[in-house]
file model34.cif (mmCIF, C-alpha atoms)
data_structure
loop_
_atom_site.label_atom_id
_atom_site.label_comp_id
_atom_site.auth_asym_id
_atom_site.auth_seq_id
_atom_site.Cartn_x
_atom_site.Cartn_y
_atom_site.Cartn_z
CA MET Q 1 89.41 78.85 96.12
CA SER Q 2 86.57 81.35 96.46
CA GLU Q 3 85.28 82.98 93.29
CA MET Q 4 86.96 86.26 92.28
CA LEU Q 5 85.47 89.20 90.46
CA ARG Q 6 88.66 89.41 88.38
CA ALA Q 7 91.26 86.70 88.82
CA PRO Q 8 94.89 87.62 88.04
CA ALA Q 9 96.35 86.02 84.94
CA GLU Q 10 98.32 83.39 86.88
CA VAL Q 11 95.10 82.19 88.51
CA LYS Q 12 92.90 82.49 85.45
CA TYR Q 13 95.34 80.53 83.28
CA ALA Q 14 96.83 78.33 86.03
CA GLU Q 15 96.10 75.02 84.28
CA GLU Q 16 97.55 76.29 81.02
CA LEU Q 17 100.69 77.58 82.74
CA ASP Q 18 101.12 74.27 84.58
CA TRP Q 19 100.94 72.39 81.28
CA LEU Q 20 103.38 74.72 79.53
CA GLU Q 21 105.81 74.35 82.42
CA SER Q 22 105.55 70.55 82.23
CA VAL Q 23 106.51 70.43 78.52
CA ASP Q 24 109.02 73.28 78.58
CA ASP Q 25 112.57 72.08 78.02
CA GLY Q 26 114.05 75.41 76.91
CA PRO Q 27 116.72 77.37 78.81
CA LYS Q 28 115.29 79.62 81.54
CA PRO Q 29 116.97 82.83 82.77
CA PHE Q 30 117.38 83.19 86.53
CA SER Q 31 114.45 81.61 88.37
CA TRP Q 32 111.92 81.95 85.54
CA ARG Q 33 109.12 79.42 85.55
CA LEU Q 34 108.97 79.35 81.73
CA SER Q 35 111.59 79.80 79.05
CA PRO Q 36 111.45 82.97 76.93
CA ARG Q 37 110.03 80.94 74.03
CA MET Q 38 107.20 79.62 76.18
CA VAL Q 39 106.51 83.06 77.64
CA ARG Q 40 106.05 84.40 74.13
CA LEU Q 41 103.84 81.46 73.25
CA PHE Q 42 101.69 81.98 76.34
CA VAL Q 43 101.14 85.64 75.47
CA LEU Q 44 100.71 85.42 71.69
CA GLY Q 45 99.22 81.94 71.39
CA SER Q 46 100.49 78.81 69.65
CA GLU Q 47 100.79 77.95 65.98
CA PRO Q 48 100.83 74.51 64.29
CA SER Q 49 104.58 74.91 63.70
CA ASP Q 50 105.14 74.98 67.48
CA GLY Q 51 104.41 71.25 67.59
CA LEU Q 52 102.38 71.29 70.81
CA ASP Q 53 99.76 68.70 71.71
CA ARG Q 54 97.23 71.39 72.55
CA GLU Q 55 96.32 74.84 71.31
CA ILE Q 56 97.30 77.85 73.41
CA PRO Q 57 94.94 80.79 72.76
CA GLN Q 58 96.24 84.27 72.01
CA LYS Q 59 95.79 86.66 74.94
CA TRP Q 60 97.47 89.87 73.81
CA PHE Q 61 97.02 91.21 70.29
CA GLY Q 62 99.88 93.22 68.90
CA ASP Q 63 103.14 93.00 67.02
CA ARG Q 64 105.26 89.97 67.93
CA SER Q 65 108.39 92.14 68.07
CA PHE Q 66 106.99 94.15 71.01
CA VAL Q 67 106.52 91.00 73.07
CA GLU Q 68 109.92 89.58 72.12
CA ARG Q 69 111.74 92.80 72.97
CA SER Q 70 109.91 92.94 76.32
CA ILE Q 71 110.93 89.37 77.17
CA VAL Q 72 114.55 89.94 76.17
CA THR Q 73 114.67 93.07 78.32
CA LEU Q 74 113.44 91.19 81.39
CA ALA Q 75 115.89 88.36 80.70
CA SER Q 76 118.68 90.93 80.91
CA ASP Q 77 117.41 92.09 84.36
CA ARG Q 78 116.91 95.64 83.05
CA GLY Q 79 113.72 97.51 83.81
CA LEU Q 80 111.01 97.44 81.14
CA LEU Q 81 108.89 100.52 80.39
CA LEU Q 82 105.77 99.97 78.29
CA ILE Q 83 104.64 103.34 76.96
CA GLY Q 84 101.73 104.28 74.73
CA ASP Q 85 98.30 105.86 74.53
CA PRO Q 86 95.57 104.85 77.01
CA GLY Q 87 93.82 101.61 76.14
CA THR Q 88 96.65 100.02 74.12
CA GLY Q 89 96.95 96.99 76.43
CA LYS Q 90 100.12 97.97 78.31
CA SER Q 91 98.90 96.83 81.72
CA TRP Q 92 97.47 93.59 80.33
CA LEU Q 93 100.77 92.78 78.62
CA ALA Q 94 102.66 93.54 81.85
CA GLU Q 95 100.34 91.25 83.80
CA LEU Q 96 100.69 88.40 81.31
CA LEU Q 97 104.50 88.68 81.28
CA ALA Q 98 104.71 88.64 85.08
CA ALA Q 99 102.30 85.70 85.30
CA ALA Q 100 104.28 83.64 82.80
CA ILE Q 101 107.71 84.47 84.19
CA CYS Q 102 107.12 84.13 87.94
CA ARG Q 103 103.45 83.14 88.42
CA ASN Q 104 102.79 86.33 90.37
CA SER Q 105 101.47 89.48 88.71
CA THR Q 106 100.03 91.08 91.86
CA LEU Q 107 103.14 92.87 93.20
CA VAL Q 108 101.91 96.20 91.87
CA VAL Q 109 102.45 99.84 92.83
CA GLN Q 110 99.92 102.29 91.36
CA GLY Q 111 101.49 105.62 90.51
CA THR Q 112 99.47 108.65 91.60
CA ALA Q 113 100.17 112.12 92.96
CA GLY Q 114 99.81 110.56 96.42
CA THR Q 115 102.34 107.75 95.88
CA THR Q 116 105.26 108.13 98.28
CA GLU Q 117 108.71 106.62 98.63
CA ASP Q 118 107.27 104.26 101.27
CA HIS Q 119 105.09 102.68 98.59
CA ILE Q 120 108.13 101.42 96.68
CA LYS Q 121 110.43 100.75 99.67
CA TYR Q 122 108.90 99.98 103.06
CA SER Q 123 106.82 101.34 105.92
CA TRP Q 124 106.27 100.32 109.55
CA ASN Q 125 103.58 98.57 111.56
CA VAL Q 126 103.16 101.29 114.17
CA SER Q 127 101.60 99.09 116.87
CA MET Q 128 104.42 96.52 116.56
CA VAL Q 129 107.05 99.27 116.65
CA ILE Q 130 105.55 100.67 119.88
CA ALA Q 131 105.38 97.21 121.44
CA ARG Q 132 108.70 95.72 120.27
CA GLY Q 133 110.68 98.44 118.54
CA GLN Q 134 111.82 98.63 114.94
CA SER Q 135 112.79 95.28 113.46
CA ARG Q 136 112.38 93.31 110.26
CA GLU Q 137 109.23 91.80 111.77
CA SER Q 138 107.65 95.23 112.29
CA MET Q 139 108.58 96.40 108.80
CA ILE Q 140 105.99 96.36 106.01
CA PRO Q 141 107.75 95.73 102.69
CA SER Q 142 106.37 97.36 99.56
CA PRO Q 143 105.38 95.21 96.57
CA ILE Q 144 108.67 96.23 94.92
CA MET Q 145 110.73 95.17 97.95
CA THR Q 146 108.81 91.89 98.12
CA ALA Q 147 109.65 91.29 94.45
CA MET Q 148 113.32 91.97 95.25
CA GLU Q 149 113.34 89.50 98.14
CA GLN Q 150 111.64 86.79 96.08
CA GLY Q 151 113.54 87.40 92.84
CA VAL Q 152 110.38 88.01 90.80
CA ILE Q 153 108.75 90.77 88.74
CA GLY Q 154 107.43 93.93 90.39
CA ARG Q 155 105.09 96.22 88.49
CA PHE Q 156 104.73 100.01 88.57
CA GLU Q 157 101.60 101.34 86.89
CA GLU Q 158 101.37 104.93 85.59
CA LEU Q 159 104.98 105.81 86.36
CA THR Q 160 104.72 109.37 85.01
CA ARG Q 161 101.97 110.16 87.53
CA ALA Q 162 104.36 109.61 90.44
CA THR Q 163 106.32 112.57 91.77
CA SER Q 164 110.03 113.11 91.14
CA ASP Q 165 110.92 111.97 94.68
CA VAL Q 166 109.34 108.57 94.03
CA GLN Q 167 111.00 108.31 90.63
CA ASP Q 168 114.39 109.13 92.20
CA ALA Q 169 113.92 106.35 94.77
CA LEU Q 170 113.23 103.92 91.93
CA ILE Q 171 116.50 104.91 90.24
CA SER Q 172 118.56 103.54 93.14
CA ILE Q 173 116.56 100.29 93.20
CA LEU Q 174 117.06 99.71 89.48
CA SER Q 175 120.75 100.65 89.66
CA GLU Q 176 121.99 99.16 92.92
CA LYS Q 177 119.49 96.29 93.22
CA TYR Q 178 119.21 96.75 96.98
CA VAL Q 179 117.35 98.86 99.56
CA SER Q 180 119.00 100.18 102.71
CA ILE Q 181 117.01 100.31 105.98
CA PRO Q 182 118.85 102.93 108.07
CA GLU Q 183 116.47 102.52 111.03
CA LEU Q 184 117.95 99.07 111.72
CA GLU Q 185 121.42 98.33 113.06
CA GLU Q 186 121.54 94.74 111.81
CA ASP Q 187 120.06 93.02 108.78
CA ASN Q 188 119.57 96.48 107.35
CA ILE Q 189 119.98 95.83 103.63
CA VAL Q 190 117.56 93.98 101.36
CA PHE Q 191 119.34 92.64 98.29
CA ALA Q 192 117.47 91.73 95.14
CA LYS Q 193 117.62 88.07 94.21
CA PRO Q 194 118.31 86.96 90.61
CA GLY Q 195 115.16 87.26 88.57
CA PHE Q 196 114.05 90.57 90.05
CA SER Q 197 113.00 93.22 87.57
CA VAL Q 198 110.42 95.97 87.19
CA ILE Q 199 107.79 96.37 84.49
CA ALA Q 200 106.51 99.94 84.43
CA THR Q 201 103.78 101.47 82.29
CA ALA Q 202 103.31 105.08 81.26
CA ASN Q 203 100.74 106.88 79.14
CA SER Q 204 102.23 108.99 76.37
CA ARG Q 205 99.36 111.45 76.90
CA ASP Q 206 100.65 112.13 80.43
CA ARG Q 207 103.69 113.93 79.06
CA GLY Q 208 104.31 116.95 81.24
CA VAL Q 209 102.59 115.53 84.34
CA ASN Q 210 105.84 114.30 85.90
CA ASP Q 211 108.35 113.83 83.11
CA LEU Q 212 110.87 111.04 83.60
CA SER Q 213 114.40 112.18 84.35
CA SER Q 214 117.22 111.21 82.02
CA ALA Q 215 118.71 109.11 84.81
CA LEU Q 216 115.53 107.07 85.20
CA LYS Q 217 115.09 106.68 81.44
CA ARG Q 218 118.57 105.14 81.24
CA ARG Q 219 117.49 102.43 83.70
CA PHE Q 220 114.67 101.26 81.43
CA ASN Q 221 114.39 99.71 78.03
CA PHE Q 222 111.47 101.40 76.27
CA VAL Q 223 108.87 99.45 74.32
CA ARG Q 224 106.38 101.78 72.68
CA ILE Q 225 102.94 100.19 72.18
CA PRO Q 226 101.07 101.90 69.33
CA VAL Q 227 97.33 102.27 68.99
CA VAL Q 228 95.88 99.30 67.12
CA SER Q 229 95.06 100.62 63.65
CA ASN Q 230 94.52 97.34 61.84
CA LYS Q 231 90.76 96.75 61.72
CA ARG Q 232 91.12 92.97 61.73
CA SER Q 233 93.40 92.98 64.79
CA GLU Q 234 91.12 95.37 66.62
CA ALA Q 235 88.11 93.16 65.85
CA GLU Q 236 89.97 90.18 67.33
CA ILE Q 237 90.71 92.10 70.53
CA VAL Q 238 87.10 93.25 70.92
CA ARG Q 239 85.77 89.73 70.27
CA PHE Q 240 88.24 88.23 72.77
CA ARG Q 241 87.32 90.69 75.51
CA THR Q 242 83.60 90.43 74.78
CA THR Q 243 83.72 86.63 75.08
CA GLU Q 244 85.43 87.03 78.46
CA LEU Q 245 82.82 89.56 79.54
CA LEU Q 246 79.90 87.31 78.63
CA ARG Q 247 81.53 84.38 80.42
CA ARG Q 248 82.27 86.42 83.56
CA HIS Q 249 78.72 87.80 83.78
CA ARG Q 250 77.23 84.43 82.73
CA ILE Q 251 75.28 86.15 79.98
CA GLU Q 252 74.08 84.32 76.91
CA LEU Q 253 73.75 87.04 74.30
CA GLU Q 254 74.89 87.07 70.71
CA VAL Q 255 76.77 90.06 69.35
CA PRO Q 256 75.79 90.28 65.65
CA PRO Q 257 78.87 90.67 63.41
CA SER Q 258 77.15 93.58 61.64
CA LEU Q 259 76.98 95.55 64.90
CA LEU Q 260 80.63 94.84 65.67
CA ASP Q 261 81.46 96.19 62.20
CA ILE Q 262 79.44 99.34 62.91
CA LEU Q 263 81.28 99.87 66.20
CA LEU Q 264 84.70 99.41 64.61
CA GLN Q 265 83.81 101.67 61.67
CA SER Q 266 82.44 104.40 63.93
CA PHE Q 267 85.63 104.51 65.99
CA ALA Q 268 87.74 104.50 62.81
CA ASP Q 269 85.70 107.44 61.42
CA LEU Q 270 85.95 109.41 64.66
CA ARG Q 271 89.71 108.80 64.90
CA ALA Q 272 90.15 110.08 61.36
CA ALA Q 273 88.12 113.19 62.18
CA SER Q 274 90.17 113.73 65.33
CA ALA Q 275 93.44 113.40 63.41
CA SER Q 276 92.38 116.04 60.90
CA ALA Q 277 91.01 118.48 63.49
CA SER Q 278 92.86 121.76 63.88
CA SER Q 279 92.14 122.36 67.58
CA ASP Q 280 91.35 120.43 70.76
CA ASP Q 281 87.79 121.75 70.72
CA GLU Q 282 87.28 119.86 67.46
CA ARG Q 283 88.55 116.59 68.94
CA LEU Q 284 86.67 114.30 71.28
CA GLU Q 285 88.15 114.20 74.76
CA SER Q 286 88.10 110.40 74.52
CA ALA Q 287 91.29 108.72 73.31
CA LEU Q 288 89.06 106.50 71.12
CA SER Q 289 91.14 103.51 72.19
CA THR Q 290 90.34 99.85 71.73
CA ALA Q 291 89.69 99.65 75.48
CA GLU Q 292 87.00 102.32 75.12
CA GLN Q 293 85.39 100.35 72.30
CA ILE Q 294 85.22 97.37 74.62
CA GLY Q 295 83.69 99.61 77.30
CA VAL Q 296 81.01 100.82 74.86
CA LEU Q 297 80.16 97.26 73.87
CA GLU Q 298 80.12 96.08 77.50
CA ASP Q 299 77.73 98.88 78.44
CA ALA Q 300 75.42 98.00 75.53
CA ILE Q 301 75.47 94.28 76.35
CA LEU Q 302 74.65 94.80 80.03
CA HIS Q 303 71.90 97.29 79.17
CA SER Q 304 70.39 94.82 76.71
CA HIS Q 305 70.60 91.99 79.23
CA PHE Q 306 69.06 93.80 82.19
CA PHE Q 307 66.74 96.36 80.59
CA GLY Q 308 66.15 95.11 77.04
CA ASP Q 309 64.93 91.92 75.43
CA ARG Q 310 68.35 90.24 75.83
CA THR Q 311 69.30 90.89 72.22
CA LEU Q 312 71.81 93.56 71.26
CA SER Q 313 70.18 96.16 69.03
CA PRO Q 314 71.82 98.92 66.97
CA GLU Q 315 69.78 101.50 68.90
CA THR Q 316 71.25 100.34 72.22
CA LEU Q 317 74.78 100.28 70.80
CA ALA Q 318 74.40 103.84 69.49
CA GLY Q 319 73.10 105.08 72.84
CA SER Q 320 76.03 103.45 74.61
CA LEU Q 321 78.54 105.00 72.21
CA VAL Q 322 77.12 108.50 72.55
CA GLY Q 323 76.81 108.21 76.33
CA SER Q 324 80.40 107.00 76.66
CA LEU Q 325 82.05 109.53 74.34
CA ALA Q 326 80.05 112.70 75.11
CA ARG Q 327 82.12 113.85 78.11
CA ARG Q 328 82.26 117.58 77.47
CA SER Q 329 79.33 119.83 76.82
CA PRO Q 330 78.97 121.41 74.33
CA GLU Q 331 82.23 120.42 72.56
CA ASP Q 332 81.87 116.63 72.42
CA LEU Q 333 78.14 116.85 71.72
CA ALA Q 334 78.81 119.14 68.76
CA ILE Q 335 81.42 116.75 67.35
CA LEU Q 336 79.10 113.74 67.69
CA ASN Q 337 76.18 115.68 66.18
CA LYS Q 338 78.34 116.56 63.20
CA TYR Q 339 79.38 112.93 62.80
CA TRP Q 340 75.82 111.68 63.05
CA HIS Q 341 74.50 114.14 60.46
CA GLY Q 342 77.45 113.94 58.07
CA VAL Q 343 78.38 110.24 58.20
CA VAL Q 344 75.80 108.08 59.97
CA GLU Q 345 72.73 109.68 58.34
CA PRO Q 346 73.73 108.86 54.73
CA ARG Q 347 74.48 105.26 55.74
CA GLY Q 348 71.21 104.98 57.64
CA LYS Q 349 69.17 105.90 54.57
CA ASP Q 350 70.02 102.54 53.04
CA GLY Q 351 68.26 100.71 55.87
CA GLY Q 352 69.70 97.77 57.77
CA PRO Q 353 71.44 98.09 61.17
CA TRP Q 354 72.84 101.52 60.29
CA GLN Q 355 69.27 102.88 60.28
CA GLY Q 356 68.69 101.70 63.86
CA PHE Q 357 72.12 103.02 64.82
CA LEU Q 358 71.17 106.39 63.33
CA GLU Q 359 67.91 106.58 65.29
CA GLY Q 360 69.46 105.42 68.56
CA GLY Q 361 72.22 108.02 68.29
CA ARG Q 362 69.80 110.80 67.47
CA GLN Q 363 67.71 109.99 70.52
CA ALA Q 364 70.76 109.86 72.80
CA LEU Q 365 72.07 113.19 71.50
CA THR Q 366 68.68 114.85 71.93
CA THR Q 367 68.51 113.60 75.52
CA LEU Q 368 71.97 114.97 76.34
CA SER Q 369 71.52 118.31 74.55
#

call {"tool": "encode", "arguments": {"input": "model34.cif", "output": "structure tokens"}}
result
Amino acid sequence: MSEMLRAPAEVKYAEELDWLESVDDGPKPFSWRLSPRMVRLFVLGSEPSDGLDREIPQKWFGDRSFVERSIVTLASDRGLLLIGDPGTGKSWLAELLAAAICRNSTLVVQGTAGTTEDHIKYSWNVSMVIARGQSRESMIPSPIMTAMEQGVIGRFEELTRATSDVQDALISILSEKYVSIPELEEDNIVFAKPGFSVIATANSRDRGVNDLSSALKRRFNFVRIPVVSNKRSEAEIVRFRTTELLRRHRIELEVPPSLLDILLQSFADLRAASASASSDDERLESALSTAEQIGVLEDAILHSHFFGDRTLSPETLAGSLVGSLARRSPEDLAILNKYWHGVVEPRGKDGGPWQGFLEGGRQALTTLS
């Protein structure tokens, strides 16, 4: 297989999934490749009490109950809606669940203002229709219809960004478990096979874009994914993603623990300031999510690798943080300036990496001002 920029979970962890399937003797719903217990273990990692001959690394970091409720929902053939702030790992959890359950996480519809009913049902190959007429051969099934035909998991990303017409079409699929094709006289209904379900994601910050109807909400079980607030858990997520990043880019660069602590503390401080702010102008436009922390660190690592001395410095990390979070001018710049003067400066006076972080941030803010 040719090398991929980003392999889907079922490809990336193929050997691990094969091994889990070979030792899995638990009951499996429908046509699932792994039992619910093994799906949970694949996502959350193994423990000594599991009695396995090898260690399974943790891939998603969050409360066990969220994963278990998600698995139970899919085992009941109801739709699963993962909802939460941007950067809370909803899409990654959806991908891992689909990979473990059916070894295919790529049947995805991306919700946008331009998503149409065709994207979740079917469209037509125009040249084949002209040459041979409308038939099942000239029909192009959507990822959701393909999931129905195969009895596997279909995914719908950013559900609240899709228009009400698209959401209404999804209601009938989740309720009736079939799609009618009125253009055909024969073989004009596609029935969902056992095992079909839909995992959708929605950002809680998109409320008001295209609110979900009550009818559609009833077709889903909701699992709300909160922002990671535990510093230890967030550090584990950042380390996990950073290790993957370094491996993917084939970069040998050490991330000093002290700089990771500075990054985590800075985001914690800025979140606290945002929570206490009285208006939107006093809050950074950034959601300050864990995903954005990873983005800041990735930017700093790549900058150090290609333009620095291949060591991550506090100055580079500060410049990356300011450059990533200063999206509005002058509002975000004013908030970051206040943070640098009120919080970072006193810490920088004691020397150490905070001093370099202070200087790097000052320089970045001066450049942007």

call {"tool": "residues_around", "arguments": {"input": "model34.cif", "residues": "Ser274 in chain Q", "least_positions_apart": "2", "cutoff": "12 Å", "atoms": "only C-alpha atoms", "output": "compact mmCIF listing (two decimals) with C-alpha atoms, keeping the file's coordinate frame"}}
result
# COMPACT_ATOMS: atom_id res chain seq x y z
CA PHE Q 267 85.63 104.51 65.99
CA ALA Q 268 87.74 104.50 62.81
CA ASP Q 269 85.70 107.44 61.42
CA LEU Q 270 85.95 109.41 64.66
CA ARG Q 271 89.71 108.80 64.90
CA ALA Q 272 90.15 110.08 61.36
CA SER Q 276 92.38 116.04 60.90
CA ALA Q 277 91.01 118.48 63.49
CA SER Q 278 92.86 121.76 63.88
CA SER Q 279 92.14 122.36 67.58
CA ASP Q 280 91.35 120.43 70.76
CA ASP Q 281 87.79 121.75 70.72
CA GLU Q 282 87.28 119.86 67.46
CA ARG Q 283 88.55 116.59 68.94
CA LEU Q 284 86.67 114.30 71.28
CA GLU Q 285 88.15 114.20 74.76
CA SER Q 286 88.10 110.40 74.52
CA ALA Q 287 91.29 108.72 73.31
CA LEU Q 288 89.06 106.50 71.12
CA ASP Q 332 81.87 116.63 72.42
CA ILE Q 335 81.42 116.75 67.35
CA LEU Q 336 79.10 113.74 67.69
CA TYR Q 339 79.38 112.93 62.80

call {"tool": "residues_around", "arguments": {"input": "model34.cif", "residues": "Val179 in chain Q", "least_positions_apart": "2", "cutoff": "7 Å", "atoms": "only C-alpha atoms", "output": "CSV table (one decimal) with C-alpha atoms, in the frame of the given file"}}
result
chain,number,residue,atom,x,y,z
Q,173,ILE,CA,116.6,100.3,93.2
Q,181,ILE,CA,117.0,100.3,106.0
Q,189,ILE,CA,120.0,95.8,103.6
Q,190,VAL,CA,117.6,94.0,101.4
Q,191,PHE,CA,119.3,92.6,98.3

call {"tool": "resolve_selection", "arguments": {"input": "model34.cif", "expression": "the PyMOL selection byres ((chain Q and resi 222-229) around 6)", "output": "list in words"}}
result
Leu81, Leu82, Ile83, Gly84, Thr88, Asn221 and Asn230 of chain Q

call {"tool": "atom_distance", "arguments": {"input": "model34.cif", "atom1": "CA of Arg310 in chain Q", "atom2": "CA of Gln363 in chain Q"}}
result
20.5 Å

call {"tool": "residues_around", "arguments": {"input": "model34.cif", "residues": "range 112-124 of chain Q", "least_positions_apart": "6", "cutoff": "8 Å", "atoms": "only C-alpha atoms", "output": "PDB file with C-alpha atoms, in the coordinates of the input"}}
result
ATOM      1  CA  GLN Q 134     111.820  98.630 114.940  1.00  0.00           C
ATOM      2  CA  SER Q 138     107.650  95.230 112.290  1.00  0.00           C
ATOM      3  CA  MET Q 139     108.580  96.400 108.800  1.00  0.00           C
ATOM      4  CA  ILE Q 140     105.990  96.360 106.010  1.00  0.00           C
ATOM      5  CA  PRO Q 141     107.750  95.730 102.690  1.00  0.00           C
ATOM      6  CA  SER Q 142     106.370  97.360  99.560  1.00  0.00           C
ATOM      7  CA  PRO Q 143     105.380  95.210  96.570  1.00  0.00           C
ATOM      8  CA  ILE Q 144     108.670  96.230  94.920  1.00  0.00           C
ATOM      9  CA  MET Q 145     110.730  95.170  97.950  1.00  0.00           C
ATOM     10  CA  GLU Q 158     101.370 104.930  85.590  1.00  0.00           C
ATOM     11  CA  ARG Q 161     101.970 110.160  87.530  1.00  0.00           C
ATOM     12  CA  ALA Q 162     104.360 109.610  90.440  1.00  0.00           C
ATOM     13  CA  THR Q 163     106.320 112.570  91.770  1.00  0.00           C
ATOM     14  CA  ASP Q 165     110.920 111.970  94.680  1.00  0.00           C
ATOM     15  CA  VAL Q 166     109.340 108.570  94.030  1.00  0.00           C
ATOM     16  CA  ALA Q 169     113.920 106.350  94.770  1.00  0.00           C
ATOM     17  CA  LEU Q 170     113.230 103.920  91.930  1.00  0.00           C
ATOM     18  CA  VAL Q 179     117.350  98.860  99.560  1.00  0.00           C
TER      19      VAL Q 179
END

call {"tool": "closest_residue", "arguments": {"input": "model34.cif", "among": "Q:Thr160, Q:Ser35, Q:Asn337, Q:Ser369", "to": "Ala100 in chain Q", "atoms": "only C-alpha atoms"}}
result
Q:Ser35

call {"tool": "residues_around", "arguments": {"input": "model34.cif", "residues": "Arg40 in chain Q", "least_positions_apart": "3", "cutoff": "8 Å", "atoms": "all atoms listed in the file", "output": "MDAnalysis selection string"}}
result
chainID Q and resid 36:37 43:45 67:68 71

call {"tool": "atom_distance", "arguments": {"input": "model34.cif", "atom1": "CA of His305 in chain Q", "atom2": "CA of Leu365 in chain Q"}}
result
22.6 Å

call {"tool": "atom_distance", "arguments": {"input": "model34.cif", "atom1": "CA of Arg347 in chain Q", "atom2": "CA of His303 in chain Q"}}
result
24.9 Å

call {"tool": "residues_around", "arguments": {"input": "model34.cif", "residues": "Lys231 in chain Q", "least_positions_apart": "6", "cutoff": "10 Å", "atoms": "only C-alpha atoms", "output": "PyMOL selection string"}}
result
chain Q and resi 237+261+264-265+268

call {"tool": "closest_atom_pairs", "arguments": {"input": "model34.cif", "of": "range 98-217 of chain Q", "to": "range 10-13 of chain Q", "cutoff": "7 Å", "atoms": "all atoms listed in the file", "output": "tab-separated table"}}
result
residue	atom	partner	partner_atom	distance
Q:Ala99	CA	Q:Glu10	CA	4.9
Q:Arg103	CA	Q:Glu10	CA	5.4
Q:Asn104	CA	Q:Glu10	CA	6.4

call {"tool": "closest_residue", "arguments": {"input": "model34.cif", "among": "Q:Trp60, Q:Tyr178, Q:Trp19, Q:Trp32", "to": "Glu234 in chain Q", "atoms": "only C-alpha atoms"}}
result
Q:Trp60

call {"tool": "closest_residue", "arguments": {"input": "model34.cif", "among": "Q:Thr243, Q:Leu297, Q:Pro257, Q:Arg248", "to": "Met4 in chain Q", "atoms": "all atoms listed in the file"}}
result
Q:Arg248

call {"tool": "resolve_selection", "arguments": {"input": "model34.cif", "expression": "the PyMOL selection byres ((chain Q and resi 193) around 10)", "output": "JSON, numbers by chain"}}
result
{"Q": [30, 31, 147, 148, 149, 150, 151, 152, 177, 178, 190, 191, 192, 194, 195, 196, 197]}

call {"tool": "build_atoms", "arguments": {"input": "model34.cif", "residues": "range 151-162 of chain Q", "atoms": "N, CA, C and O atoms", "output": "PDB file, in the coordinates of the input"}}
result
ATOM      1  N   GLY Q 151     112.941  87.552  94.157  1.00  0.00           N
ATOM      2  CA  GLY Q 151     113.540  87.400  92.840  1.00  0.00           C
ATOM      3  C   GLY Q 151     112.518  87.253  91.735  1.00  0.00           C
ATOM      4  O   GLY Q 151     112.651  86.410  90.839  1.00  0.00           O
ATOM      5  N   VAL Q 152     111.459  88.087  91.783  1.00  0.00           N
ATOM      6  CA  VAL Q 152     110.380  88.010  90.800  1.00  0.00           C
ATOM      7  C   VAL Q 152     110.135  89.406  90.207  1.00  0.00           C
ATOM      8  O   VAL Q 152     110.887  90.347  90.459  1.00  0.00           O
ATOM      9  N   ILE Q 153     109.066  89.523  89.445  1.00  0.00           N
ATOM     10  CA  ILE Q 153     108.750  90.770  88.740  1.00  0.00           C
ATOM     11  C   ILE Q 153     107.874  91.656  89.617  1.00  0.00           C
ATOM     12  O   ILE Q 153     106.836  91.231  90.128  1.00  0.00           O
ATOM     13  N   GLY Q 154     108.281  92.912  89.787  1.00  0.00           N
ATOM     14  CA  GLY Q 154     107.430  93.930  90.390  1.00  0.00           C
ATOM     15  C   GLY Q 154     106.900  94.847  89.303  1.00  0.00           C
ATOM     16  O   GLY Q 154     107.567  95.065  88.282  1.00  0.00           O
ATOM     17  N   ARG Q 155     105.708  95.371  89.501  1.00  0.00           N
ATOM     18  CA  ARG Q 155     105.090  96.220  88.490  1.00  0.00           C
ATOM     19  C   ARG Q 155     104.826  97.613  89.044  1.00  0.00           C
ATOM     20  O   ARG Q 155     104.488  97.771  90.223  1.00  0.00           O
ATOM     21  N   PHE Q 156     105.001  98.621  88.193  1.00  0.00           N
ATOM     22  CA  PHE Q 156     104.730 100.010  88.570  1.00  0.00           C
ATOM     23  C   PHE Q 156     103.838 100.608  87.499  1.00  0.00           C
ATOM     24  O   PHE Q 156     104.280 100.860  86.385  1.00  0.00           O
ATOM     25  N   GLU Q 157     102.569 100.807  87.844  1.00  0.00           N
ATOM     26  CA  GLU Q 157     101.600 101.340  86.890  1.00  0.00           C
ATOM     27  C   GLU Q 157     101.596 102.870  86.913  1.00  0.00           C
ATOM     28  O   GLU Q 157     101.690 103.486  87.976  1.00  0.00           O
ATOM     29  N   GLU Q 158     101.466 103.467  85.735  1.00  0.00           N
ATOM     30  CA  GLU Q 158     101.370 104.930  85.590  1.00  0.00           C
ATOM     31  C   GLU Q 158     102.565 105.631  86.226  1.00  0.00           C
ATOM     32  O   GLU Q 158     102.435 106.495  87.090  1.00  0.00           O
ATOM     33  N   LEU Q 159     103.750 105.282  85.770  1.00  0.00           N
ATOM     34  CA  LEU Q 159     104.980 105.810  86.360  1.00  0.00           C
ATOM     35  C   LEU Q 159     105.066 107.328  86.283  1.00  0.00           C
ATOM     36  O   LEU Q 159     105.548 107.980  87.211  1.00  0.00           O
ATOM     37  N   THR Q 160     104.598 107.913  85.173  1.00  0.00           N
ATOM     38  CA  THR Q 160     104.720 109.370  85.010  1.00  0.00           C
ATOM     39  C   THR Q 160     103.771 110.148  85.916  1.00  0.00           C
ATOM     40  O   THR Q 160     103.862 111.371  85.988  1.00  0.00           O
ATOM     41  N   ARG Q 161     102.857 109.470  86.591  1.00  0.00           N
ATOM     42  CA  ARG Q 161     101.970 110.160  87.530  1.00  0.00           C
ATOM     43  C   ARG Q 161     102.583 110.254  88.927  1.00  0.00           C
ATOM     44  O   ARG Q 161     102.060 110.960  89.789  1.00  0.00           O
ATOM     45  N   ALA Q 162     103.665 109.535  89.158  1.00  0.00           N
ATOM     46  CA  ALA Q 162     104.360 109.610  90.440  1.00  0.00           C
ATOM     47  C   ALA Q 162     105.272 110.826  90.463  1.00  0.00           C
ATOM     48  O   ALA Q 162     105.781 111.265  89.428  1.00  0.00           O
TER      49      ALA Q 162
END
